[in-house]
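Dumped final_6.csv below, it's CSV, C-alpha atoms and all ligand atoms:
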```csv
chain,number,residue,atom,x,y,z
A,1,PHE,CA,-14.0,6.9,12.2
A,2,SER,CA,-11.3,9.1,10.9
A,3,TRP,CA,-9.2,7.9,7.9
A,4,GLU,CA,-6.4,10.3,8.8
A,5,ALA,CA,-6.1,9.2,12.5
A,6,ASN,CA,-4.4,5.8,11.6
A,7,TRP,CA,-1.0,4.3,11.0
A,8,TYR,CA,-0.4,3.3,7.4
A,9,PRO,CA,2.5,1.2,6.1
A,10,VAL,CA,3.7,3.3,3.2
A,11,MET,CA,6.7,1.2,2.0
A,12,PRO,CA,8.9,-1.7,3.1
A,13,VAL,CA,12.1,-0.3,4.8
A,14,SER,CA,14.0,-2.1,2.1
A,15,TYR,CA,12.3,0.0,-0.6
A,16,ALA,CA,13.3,3.3,1.1
A,17,ASP,CA,16.5,5.0,-0.1
A,18,PRO,CA,18.4,5.9,3.1
A,19,VAL,CA,20.5,8.7,1.3
A,20,ARG,CA,17.8,10.3,-0.8
A,21,PRO,CA,14.3,11.7,-0.2
A,22,ASN,CA,11.5,9.2,-0.9
A,23,GLY,CA,8.3,10.9,-2.2
A,24,PHE,CA,5.0,9.1,-2.0
A,25,THR,CA,1.3,9.9,-1.8
A,26,LEU,CA,-1.0,8.9,1.1
A,27,LEU,CA,-4.7,9.7,1.3
A,28,GLY,CA,-4.1,12.3,-1.5
A,29,LYS,CA,-1.3,14.0,0.5
A,30,HIS,CA,2.1,14.3,-1.2
A,31,LEU,CA,4.7,13.5,1.4
A,32,VAL,CA,8.4,12.7,1.6
A,33,LEU,CA,10.3,10.4,3.9
A,34,TRP,CA,14.0,10.6,4.6
A,35,LYS,CA,16.5,9.2,7.0
A,36,SER,CA,17.3,12.1,9.4
A,37,ALA,CA,19.9,12.3,12.2
A,38,ASP,CA,17.1,11.1,14.5
A,39,GLY,CA,15.9,8.3,12.2
A,40,TRP,CA,13.1,8.2,9.6
A,41,ALA,CA,11.3,11.5,9.2
A,42,CYS,CA,8.3,12.5,7.2
A,43,VAL,CA,7.2,16.0,6.0
A,44,GLU,CA,4.8,17.4,3.4
A,45,ASP,CA,6.4,17.4,0.0
A,46,ALA,CA,6.3,21.2,-0.2
A,47,CYS,CA,9.0,23.6,0.9
A,48,PRO,CA,7.6,26.3,3.1
A,49,HIS,CA,9.7,28.9,1.2
A,50,ARG,CA,8.1,28.7,-2.3
A,51,LEU,CA,6.5,25.3,-2.3
A,52,ALA,CA,9.1,23.4,-4.3
A,53,PRO,CA,8.8,19.6,-3.9
A,54,LEU,CA,11.2,18.5,-1.2
A,55,SER,CA,11.3,15.1,-2.7
A,56,THR,CA,13.5,16.5,-5.4
A,57,GLY,CA,15.9,17.7,-2.7
A,58,ARG,CA,19.0,16.2,-1.1
A,59,VAL,CA,19.7,14.5,2.2
A,60,THR,CA,22.8,16.2,3.6
A,61,GLU,CA,25.6,14.5,5.6
A,62,GLU,CA,24.0,15.9,8.9
A,63,GLY,CA,20.8,14.1,8.0
A,64,THR,CA,18.9,17.2,7.1
A,65,LEU,CA,16.6,17.5,4.1
A,66,MET,CA,17.8,20.3,1.7
A,67,CYS,CA,15.4,21.9,-0.7
A,68,ARG,CA,16.8,21.9,-4.3
A,69,PHE,CA,15.4,25.3,-5.1
A,70,HIS,CA,17.2,27.7,-2.7
A,71,GLY,CA,18.9,25.4,-0.3
A,72,TRP,CA,16.8,25.8,2.9
A,73,ARG,CA,17.5,22.8,5.2
A,74,PHE,CA,15.1,21.0,7.6
A,75,ASP,CA,15.7,18.7,10.5
A,76,GLY,CA,13.7,15.5,11.2
A,77,ALA,CA,11.0,17.5,13.1
A,78,GLY,CA,10.5,19.8,10.0
A,79,ASN,CA,12.3,22.8,11.6
A,80,CYS,CA,14.2,25.0,9.3
A,81,VAL,CA,17.9,24.9,10.3
A,82,GLU,CA,19.5,26.9,7.5
A,83,VAL,CA,18.5,29.7,5.1
A,84,PRO,CA,21.6,30.2,2.9
A,85,ASN,CA,20.6,33.5,1.4
A,86,ALA,CA,20.1,35.3,4.7
A,87,ASP,CA,22.8,36.8,6.9
A,88,ALA,CA,23.5,35.2,10.2
A,89,GLY,CA,21.2,37.4,12.3
A,90,ALA,CA,18.2,37.2,9.9
A,91,ALA,CA,18.7,33.4,9.5
A,92,ALA,CA,18.5,32.9,13.2
A,93,SER,CA,15.2,34.6,13.5
A,94,LEU,CA,13.8,33.1,10.3
A,95,CYS,CA,14.7,29.6,11.4
A,96,GLY,CA,12.7,29.8,14.6
A,97,ALA,CA,9.5,31.1,12.9
A,98,PRO,CA,6.6,28.8,12.4
A,99,GLU,CA,6.3,29.9,8.8
A,100,THR,CA,9.6,28.4,7.9
A,101,CYS,CA,8.8,24.9,9.4
A,102,ALA,CA,7.9,22.1,7.0
A,103,THR,CA,4.7,20.3,8.0
A,104,SER,CA,5.8,17.1,9.7
A,105,TYR,CA,4.0,13.8,10.3
A,106,PRO,CA,4.6,11.0,12.8
A,107,VAL,CA,6.6,8.0,11.3
A,108,GLN,CA,7.9,4.8,12.8
A,109,GLU,CA,9.5,1.5,11.6
A,110,VAL,CA,7.7,-1.7,12.7
A,111,SER,CA,8.1,-5.2,11.2
A,112,GLY,CA,10.2,-4.1,8.3
A,113,LEU,CA,7.7,-1.5,7.2
A,114,LEU,CA,7.7,2.3,7.4
A,115,TRP,CA,4.4,3.6,9.0
A,116,VAL,CA,3.1,7.1,8.6
A,117,TRP,CA,0.3,8.8,10.5
A,118,PRO,CA,-1.2,11.3,8.0
A,119,GLU,CA,-2.4,13.8,10.5
A,120,ALA,CA,-0.1,16.8,11.1
A,121,GLY,CA,0.3,19.0,14.1
A,122,LEU,CA,0.4,18.3,17.9
A,123,GLU,CA,-3.0,16.8,17.8
A,124,GLY,CA,-1.9,14.2,15.2
A,125,LEU,CA,1.2,13.5,17.2
A,126,GLY,CA,-0.7,13.1,20.4
A,127,ARG,CA,-3.2,10.7,18.8
A,128,SER,CA,-0.5,8.7,17.0
A,129,LEU,CA,1.2,8.0,20.4
A,130,LEU,CA,-2.0,6.2,21.6
A,131,GLU,CA,-2.3,3.8,18.7
A,132,GLU,CA,-0.2,0.8,17.5
A,133,PRO,CA,0.3,-0.2,13.9
A,134,ALA,CA,-1.8,-3.3,12.9
A,135,ALA,CA,-0.2,-6.3,14.6
A,136,LEU,CA,1.2,-8.8,12.2
A,137,GLY,CA,0.2,-12.4,12.9
A,138,SER,CA,3.0,-14.7,11.8
A,139,GLY,CA,5.0,-11.7,10.5
A,140,ALA,CA,6.5,-12.3,7.0
A,141,GLN,CA,9.5,-9.9,6.6
A,142,ASP,CA,10.4,-10.0,2.9
A,143,TRP,CA,7.8,-7.6,1.8
A,144,VAL,CA,6.9,-6.9,-1.9
A,145,MET,CA,5.2,-3.7,-2.9
A,146,THR,CA,3.2,-2.9,-6.0
A,147,VAL,CA,1.4,0.4,-6.6
A,148,PRO,CA,-1.3,-0.4,-9.2
A,149,PRO,CA,-3.6,2.3,-10.6
A,150,VAL,CA,-6.6,0.8,-8.9
A,151,SER,CA,-8.9,2.2,-6.3
A,152,TYR,CA,-8.6,1.1,-2.6
A,153,GLU,CA,-12.3,0.0,-2.7
A,154,SER,CA,-11.9,-2.4,-5.6
A,155,MET,CA,-8.7,-3.8,-4.1
A,156,VAL,CA,-10.2,-4.6,-0.6
A,157,GLU,CA,-13.3,-6.0,-2.2
A,158,ASN,CA,-11.2,-8.3,-4.4
A,159,SER,CA,-9.5,-9.6,-1.3
A,160,MET,CA,-12.8,-10.4,0.3
A,161,ASP,CA,-14.1,-12.2,-2.8
A,162,PRO,CA,-12.5,-15.7,-3.2
A,163,SER,CA,-15.2,-17.1,-5.5
A,164,HIS,CA,-13.8,-15.2,-8.5
A,165,ALA,CA,-10.6,-17.3,-8.4
A,166,PRO,CA,-11.6,-20.3,-10.5
A,167,HIS,CA,-13.3,-18.1,-13.1
A,168,LEU,CA,-10.8,-15.2,-13.4
A,169,HIS,CA,-7.5,-16.9,-12.6
A,170,GLU,CA,-7.2,-19.2,-15.6
A,171,GLY,CA,-3.8,-20.9,-15.6
A,172,THR,CA,-3.7,-21.1,-11.8
A,173,PHE,CA,-7.2,-22.5,-11.5
A,174,ALA,CA,-9.8,-23.7,-14.0
A,175,ALA,CA,-13.5,-22.9,-14.1
A,176,SER,CA,-14.1,-26.7,-13.9
A,177,ASP,CA,-12.3,-26.6,-10.4
A,178,MET,CA,-15.1,-24.4,-9.0
A,179,VAL,CA,-17.0,-25.5,-5.9
A,180,PRO,CA,-20.0,-23.2,-5.1
A,181,LEU,CA,-19.2,-21.0,-2.1
A,182,THR,CA,-22.4,-21.4,-0.2
A,183,ASP,CA,-21.1,-21.1,3.4
A,184,TYR,CA,-19.8,-17.6,3.8
A,185,SER,CA,-20.9,-16.1,7.2
A,186,ALA,CA,-21.2,-12.4,8.0
A,187,PRO,CA,-20.0,-10.9,11.3
A,188,ALA,CA,-22.3,-9.8,14.1
A,189,GLU,CA,-23.6,-6.2,13.7
A,190,PRO,CA,-23.2,-3.3,14.2
A,191,LEU,CA,-19.8,-3.3,12.6
A,192,GLY,CA,-17.1,-1.5,14.6
A,193,ASP,CA,-14.4,1.0,13.8
A,194,GLU,CA,-11.7,-1.7,14.0
A,195,GLY,CA,-13.1,-3.8,11.1
A,196,PHE,CA,-14.6,-7.3,11.0
A,197,THR,CA,-13.9,-11.0,10.3
A,198,VAL,CA,-15.8,-13.2,7.9
A,199,ALA,CA,-15.6,-17.0,7.6
A,200,HIS,CA,-16.1,-19.3,4.7
A,201,GLY,CA,-15.4,-22.8,3.3
A,202,GLY,CA,-13.7,-24.0,0.1
A,203,TYR,CA,-14.3,-22.5,-3.3
A,204,THR,CA,-12.3,-24.9,-5.6
A,205,THR,CA,-11.6,-28.6,-5.7
A,206,LYS,CA,-8.1,-27.7,-4.3
A,207,ASN,CA,-9.4,-26.4,-1.0
A,208,ASP,CA,-12.9,-27.9,-0.7
A,209,GLY,CA,-13.7,-28.6,2.9
A,210,MET,CA,-11.3,-26.0,4.3
A,211,LYS,CA,-12.1,-23.5,7.1
A,212,ALA,CA,-11.1,-19.9,6.1
A,213,THR,CA,-11.3,-16.5,7.8
A,214,ARG,CA,-10.7,-13.1,6.3
A,215,THR,CA,-10.1,-10.2,8.7
A,216,PHE,CA,-10.3,-6.6,7.6
A,217,ARG,CA,-8.6,-4.5,10.1
A,218,SER,CA,-9.2,-0.9,9.3
A,219,PRO,CA,-8.0,0.9,7.5
A,220,SER,CA,-5.5,-1.1,5.5
A,221,PHE,CA,-4.8,-4.6,6.7
A,222,VAL,CA,-6.4,-7.8,5.4
A,223,ASP,CA,-5.3,-11.1,7.1
A,224,VAL,CA,-6.4,-14.3,5.4
A,225,ASN,CA,-6.1,-17.7,7.1
A,226,TYR,CA,-6.9,-21.1,5.6
A,227,GLU,CA,-7.0,-24.4,7.4
A,228,LEU,CA,-7.1,-27.1,4.8
A,229,PRO,CA,-8.7,-30.5,5.4
A,230,SER,CA,-5.2,-32.0,5.5
A,231,GLY,CA,-4.5,-29.8,8.6
A,232,LYS,CA,-2.2,-27.6,6.6
A,233,GLN,CA,-2.4,-23.9,7.5
A,234,GLN,CA,-1.9,-21.0,5.0
A,235,ASN,CA,-1.7,-17.3,5.9
A,236,PHE,CA,-1.7,-14.3,3.5
A,237,GLN,CA,-1.1,-10.8,4.8
A,238,LEU,CA,-2.0,-7.9,2.6
A,239,PHE,CA,-1.9,-4.2,3.1
A,240,PHE,CA,-4.0,-1.9,0.9
A,241,VAL,CA,-3.0,1.7,1.4
A,242,PRO,CA,-5.1,4.4,-0.3
A,243,SER,CA,-2.8,6.7,-2.2
A,244,THR,CA,-5.1,8.6,-4.6
A,245,PRO,CA,-8.7,7.7,-5.6
A,246,PHE,CA,-7.2,5.5,-8.4
A,247,GLU,CA,-4.0,4.3,-6.9
A,248,THR,CA,-3.3,1.9,-4.0
A,249,ARG,CA,0.0,0.9,-2.4
A,250,VAL,CA,-0.2,-2.9,-2.0
A,251,ILE,CA,2.3,-4.6,0.3
A,252,THR,CA,2.3,-8.3,0.7
A,253,GLY,CA,4.3,-10.9,2.5
A,254,LEU,CA,4.2,-13.5,-0.2
A,255,GLY,CA,7.8,-14.6,-0.1
A,256,LEU,CA,10.1,-15.0,-3.0
A,257,PRO,CA,12.6,-17.9,-3.0
A,258,GLN,CA,15.5,-17.2,-0.6
A,259,LEU,CA,19.0,-17.9,-1.9
A,260,PRO,CA,21.4,-19.6,0.6
A,261,ALA,CA,23.8,-17.3,2.4
A,262,TRP,CA,27.0,-19.1,1.2
A,263,LEU,CA,26.3,-18.3,-2.5
A,264,PRO,CA,28.8,-15.9,-4.1
A,265,LYS,CA,27.3,-12.7,-5.5
A,266,ARG,CA,24.1,-13.5,-3.6
A,267,GLU,CA,22.6,-10.0,-3.9
A,268,LEU,CA,23.2,-9.9,-7.6
A,269,LEU,CA,21.7,-13.3,-8.2
A,270,ALA,CA,18.7,-12.4,-5.9
A,271,ASP,CA,18.1,-9.2,-8.0
A,272,LEU,CA,18.2,-11.1,-11.3
A,273,LEU,CA,16.0,-13.8,-10.0
A,274,HIS,CA,13.6,-11.2,-8.6
A,275,ALA,CA,13.5,-9.4,-12.0
A,276,PHE,CA,12.9,-12.7,-13.9
A,277,PHE,CA,10.3,-13.8,-11.4
A,278,PHE,CA,8.5,-10.5,-11.6
A,279,SER,CA,8.6,-10.1,-15.4
A,280,ARG,CA,7.5,-13.6,-16.4
A,281,SER,CA,6.0,-15.6,-13.7
A,282,ALA,CA,2.5,-16.8,-13.1
A,283,LEU,CA,2.3,-14.3,-10.2
A,284,TRP,CA,2.2,-11.5,-12.7
A,285,ARG,CA,-0.4,-13.2,-14.8
A,286,PHE,CA,-2.4,-13.6,-11.6
A,287,ASN,CA,-1.9,-9.9,-10.7
A,288,ASP,CA,-2.8,-8.8,-14.2
A,289,GLN,CA,-6.0,-10.8,-14.3
A,290,ASP,CA,-7.1,-9.1,-11.1
A,291,ARG,CA,-5.9,-5.7,-12.2
A,292,LEU,CA,-7.7,-5.7,-15.6
A,293,VAL,CA,-11.0,-6.5,-13.9
A,294,MET,CA,-10.6,-4.0,-11.1
A,295,GLN,CA,-9.7,-1.2,-13.5
A,296,GLY,CA,-12.8,-2.0,-15.5
A,297,GLN,CA,-14.8,-1.8,-12.3
A,298,ASP,CA,-13.3,1.5,-11.4
A,299,ARG,CA,-14.0,2.9,-14.9
A,300,ASN,CA,-17.6,1.8,-14.9
A,301,GLN,CA,-18.2,3.0,-11.4
A,302,ALA,CA,-16.5,6.4,-12.1
A,303,ALA,CA,-18.8,6.9,-15.1
A,304,ASP,CA,-21.8,6.7,-12.8
A,305,PRO,CA,-20.8,7.0,-9.1
A,306,ASP,CA,-24.4,6.3,-7.8
A,307,ARG,CA,-24.8,3.1,-9.8
A,308,ARG,CA,-25.5,0.2,-7.6
A,309,GLN,CA,-23.9,-3.2,-8.3
A,310,ALA,CA,-26.2,-6.2,-8.5
A,311,ALA,CA,-24.1,-7.7,-5.8
A,312,TRP,CA,-25.9,-5.5,-3.2
A,313,ASP,CA,-29.4,-6.3,-4.5
A,314,VAL,CA,-29.2,-10.0,-5.6
A,315,ALA,CA,-26.2,-11.1,-3.5
A,316,THR,CA,-25.3,-14.8,-3.5
A,317,PRO,CA,-23.7,-16.2,-0.3
A,318,SER,CA,-20.3,-15.8,-2.0
A,319,ASP,CA,-20.8,-12.0,-2.0
A,320,THR,CA,-20.9,-11.9,1.8
A,321,GLY,CA,-17.3,-10.6,2.2
A,322,VAL,CA,-17.7,-7.9,-0.4
A,323,SER,CA,-21.1,-6.7,0.9
A,324,THR,CA,-19.8,-6.7,4.5
A,325,PHE,CA,-16.9,-4.4,3.4
A,326,ARG,CA,-19.4,-2.2,1.5
A,327,LYS,CA,-21.5,-2.0,4.6
A,328,TRP,CA,-18.5,-1.1,6.7
A,329,LEU,CA,-17.5,1.6,4.2
A,330,ALA,CA,-21.0,3.1,4.2
A,331,GLU,CA,-21.8,2.8,7.9
A,332,VAL,CA,-18.4,3.3,9.6
A,333,GLY,CA,-16.0,4.5,6.9
A,334,GLY,CA,-17.9,7.6,5.8
A,335,GLY,CA,-18.2,6.3,2.2
A,336,GLY,CA,-14.5,5.6,1.7
A,337,PRO,CA,-11.1,7.3,2.1
A,338,PHE,CA,-11.8,10.0,-0.5
A,339,ALA,CA,-15.5,10.4,-0.1
A,340,SER,CA,-15.3,13.7,1.6
A,341,SER,CA,-11.9,15.0,0.4
A,342,GLY,CA,-13.2,16.1,-3.0
A,343,ALA,CA,-9.7,15.1,-4.2
A,344,ALA,CA,-9.5,15.4,-8.0
A,345,ALA,CA,-9.5,12.0,-9.5
A,346,SER,CA,-8.5,11.0,-13.0
A,347,LEU,CA,-8.6,7.5,-14.3
A,348,PRO,CA,-5.3,5.9,-15.2
A,349,THR,CA,-4.1,6.1,-18.8
A,350,THR,CA,-3.8,2.8,-20.8
A,351,GLN,CA,-0.1,3.1,-20.5
A,352,GLU,CA,-0.2,3.3,-16.7
A,353,GLU,CA,-2.7,0.4,-16.7
A,354,VAL,CA,-0.4,-2.1,-18.4
A,355,SER,CA,3.1,-0.9,-17.3
A,356,ARG,CA,4.8,-3.3,-14.9
A,357,TRP,CA,7.5,-0.6,-14.5
A,358,ASN,CA,4.9,1.8,-13.2
A,359,VAL,CA,3.2,-0.7,-11.0
A,360,HIS,CA,6.2,-2.3,-9.4
A,361,GLY,CA,9.7,-1.8,-10.9
A,362,LYS,CA,10.3,1.9,-10.3
A,363,HIS,CA,9.6,1.4,-6.6
A,364,CYS,CA,11.6,-1.8,-6.1
A,365,PRO,CA,15.3,-1.7,-5.1
A,366,SER,CA,15.9,-5.1,-6.6
A,367,CYS,CA,14.3,-4.3,-10.0
A,368,LYS,CA,16.2,-1.0,-10.2
A,369,ARG,CA,19.5,-2.6,-9.5
A,370,ALA,CA,18.9,-5.3,-12.0
A,371,LEU,CA,17.8,-2.8,-14.6
A,372,ALA,CA,21.0,-0.7,-14.1
A,373,LEU,CA,23.0,-3.9,-14.5
A,374,LEU,CA,21.3,-4.8,-17.8
A,375,GLU,CA,21.7,-1.3,-19.3
B,1,LIG,S1,11.5,26.8,-2.4
B,1,LIG,FE1,12.6,25.6,-1.1
B,1,LIG,S2,14.3,26.8,-0.6
B,1,LIG,FE2,13.1,28.1,-1.9
B,2,FE,FE,11.0,-5.8,-8.0
```
Could you quickly redo this structure as structure tokens?
Amino acid sequence: FSWEANWYPVMPVSYADPVRPNGFTLLGKHLVLWKSADGWACVEDACPHRLAPLSTGRVTEEGTLMCRFHGWRFDGAGNCVEVPNADAGAAASLCGAPETCATSYPVQEVSGLLWVWPEAGLEGLGRSLLEEPAALGSGAQDWVMTVPPVSYESMVENSMDPSHAPHLHEGTFAASDMVPLTDYSAPAEPLGDEGFTVAHGGYTTKNDGMKATRTFRSPSFVDVNYELPSGKQQNFQLFFVPSTPFETRVITGLGLPQLPAWLPKRELLADLLHAFFFSRSALWRFNDQDRLVMQGQDRNQAADPDRRQAAWDVATPSDTGVSTFRKWLAEVGGGGPFASSGAAASLPTTQEEVSRWNVHGKHCPSCKRALALLE
């Protein structure tokens, strides 16, 4: 299994600025997306001239990405198309040379998300053409992204661990709602590259008697399906994209209320509603409850990376999803997305841990517009 040889959704298309470079980090690589003349393009966030970050550059009218430092320009394939400080003859030979090319990565737009294949070169391009992005079951389109300072491992484990809900998510559930989760079945082994599906029953009085499945489709997709005793179906789609060892891009299809199309100033109202919803609602309390626990787990694990959690030694049936994911990471996933990269990892500061602006607002077009309006 190769972490690099995969398509990752790095942001909803609605979050990407079409007239500016969009910097982001994927598997520890600093990359930049922009809308070129040939559509969305992705290159390393480093100018081949003197390594200035191209994410601070400009997108020109021709759809090229211009470096802010000395004005070199690049097309969607990463080829240098202009060196302003060279005379015409020198520029022509410079622009054809491999040393002046920005390192480019395959990118495509599918289901309202921008997908990047973080493997450069012809080999990466060749492999990317043979794979499809994770198929989306019922396909929610109004994606919301948060980028919490939490490890990918803690994030995916959390999504495989429904039994924490009645204890942790006070306000949404109550501990007295708890129903012991005793029927949680593991998949057949050995686990394959593509991931696995686990199945379980209810875990609170609100969903007792349901049939649920959780599918981890490597490397980033978790698809949760509930069939409640009433026959009602629920589906949650979550993407967990490893950014750095302590940062994950989380993209979900949990829809916000849609305003009717006839409403005057609809976009403005939608932005204000979104900002209000995201700053006050129970959704954030729910998110914060998870985030505080996961950051604590990350801190404790980072202090002693070899420490085993009791979950692997004295697992209850409710730990099946988590222990299956751990097994997949160890046996298939080479220990995790950053296990062999040696990427320098620093735990988030307290400020980063609590800031909703860092986690969501600064990425979100709606929040940014609403903030500009209020200022
Ligand atoms: S560093 Fe980019 S043009 Fe000089
Ligand atoms: Fe937002």
Problem set entry | Option closest in space to A:Met160, from A:His30, A:His200, A:His363, A:Lys206 [counting all atoms listed in the file] | A:His200
Near ligand LIG 1 (chain B), 12 Å: chain A residue rows, closest pairs, only C-alpha atoms and all ligand atoms, as a Markdown table:
```
| residue | atom | partner | partner_atom | distance |
| --- | --- | --- | --- | --- |
| A:Asp45 | CA | B:LIG1 | FE1 | 10.3 |
| A:Ala46 | CA | B:LIG1 | FE1 | 7.7 |
| A:Cys47 | CA | B:LIG1 | FE1 | 4.6 |
| A:Pro48 | CA | B:LIG1 | FE1 | 6.6 |
| A:His49 | CA | B:LIG1 | S1 | 4.5 |
| A:Arg50 | CA | B:LIG1 | S1 | 3.9 |
| A:Leu51 | CA | B:LIG1 | S1 | 5.2 |
| A:Ala52 | CA | B:LIG1 | S1 | 4.6 |
| A:Pro53 | CA | B:LIG1 | FE1 | 7.6 |
| A:Leu54 | CA | B:LIG1 | FE1 | 7.2 |
| A:Ser55 | CA | B:LIG1 | FE1 | 10.7 |
| A:Thr56 | CA | B:LIG1 | FE1 | 10.1 |
| A:Gly57 | CA | B:LIG1 | FE1 | 8.7 |
| A:Arg58 | CA | B:LIG1 | FE1 | 11.4 |
| A:Leu65 | CA | B:LIG1 | FE1 | 10.4 |
| A:Met66 | CA | B:LIG1 | S2 | 7.7 |
| A:Cys67 | CA | B:LIG1 | FE1 | 4.7 |
| A:Arg68 | CA | B:LIG1 | FE1 | 6.4 |
| A:Phe69 | CA | B:LIG1 | FE2 | 4.8 |
| A:His70 | CA | B:LIG1 | S2 | 3.7 |
| A:Gly71 | CA | B:LIG1 | S2 | 4.8 |
| A:Trp72 | CA | B:LIG1 | S2 | 4.4 |
| A:Arg73 | CA | B:LIG1 | S2 | 7.7 |
| A:Phe74 | CA | B:LIG1 | S2 | 10.1 |
| A:Cys80 | CA | B:LIG1 | S2 | 10.1 |
| A:Val81 | CA | B:LIG1 | S2 | 11.6 |
| A:Glu82 | CA | B:LIG1 | S2 | 9.6 |
| A:Val83 | CA | B:LIG1 | S2 | 7.7 |
| A:Pro84 | CA | B:LIG1 | S2 | 8.8 |
| A:Asn85 | CA | B:LIG1 | S2 | 9.4 |
| A:Ala86 | CA | B:LIG1 | S2 | 11.6 |
| A:Thr100 | CA | B:LIG1 | S2 | 9.8 |
| A:Cys101 | CA | B:LIG1 | FE1 | 11.2 |
| A:Ala102 | CA | B:LIG1 | FE1 | 10.0 |
```
For this session: Tell me which protein, DNA and RNA residues are within 12 Å of A:Cys367, counting all atoms listed in the file, leaving out same-chain ones fewer than 6 positions away, and put them as a ChimeraX atom specification.
Result: /A:15,144-146,267-279,356-361,373-374
Problem set entry | Among the residues A:Glu109, A:Glu227, A:Glu44, A:Glu4, the one that comes closest to A:Pro133 [using all atoms listed in the file] |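 Looking only at the distances to A:Pro133, the closest residue turns out to be A:Glu109.
If you measure from each of A:Arg326, A:Ser340, A:Gln295, A:Trp40 to A:Gln309 using only C-alpha atoms, the closest one turns out to be A:Arg326.
Minimum atom-to-atom distances from A:Arg285, A:Ala370, A:Leu113, A:Val150 to ligand FE 2 (chain B) were compared using all atoms listed in the file, and the lowest value belongs to A:Ala370.
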Exercise. How far is it from atom CA of A:Gly39 to atom CA of A:Gly76, in Å with one decimal?
Worked result: 7.6 Å
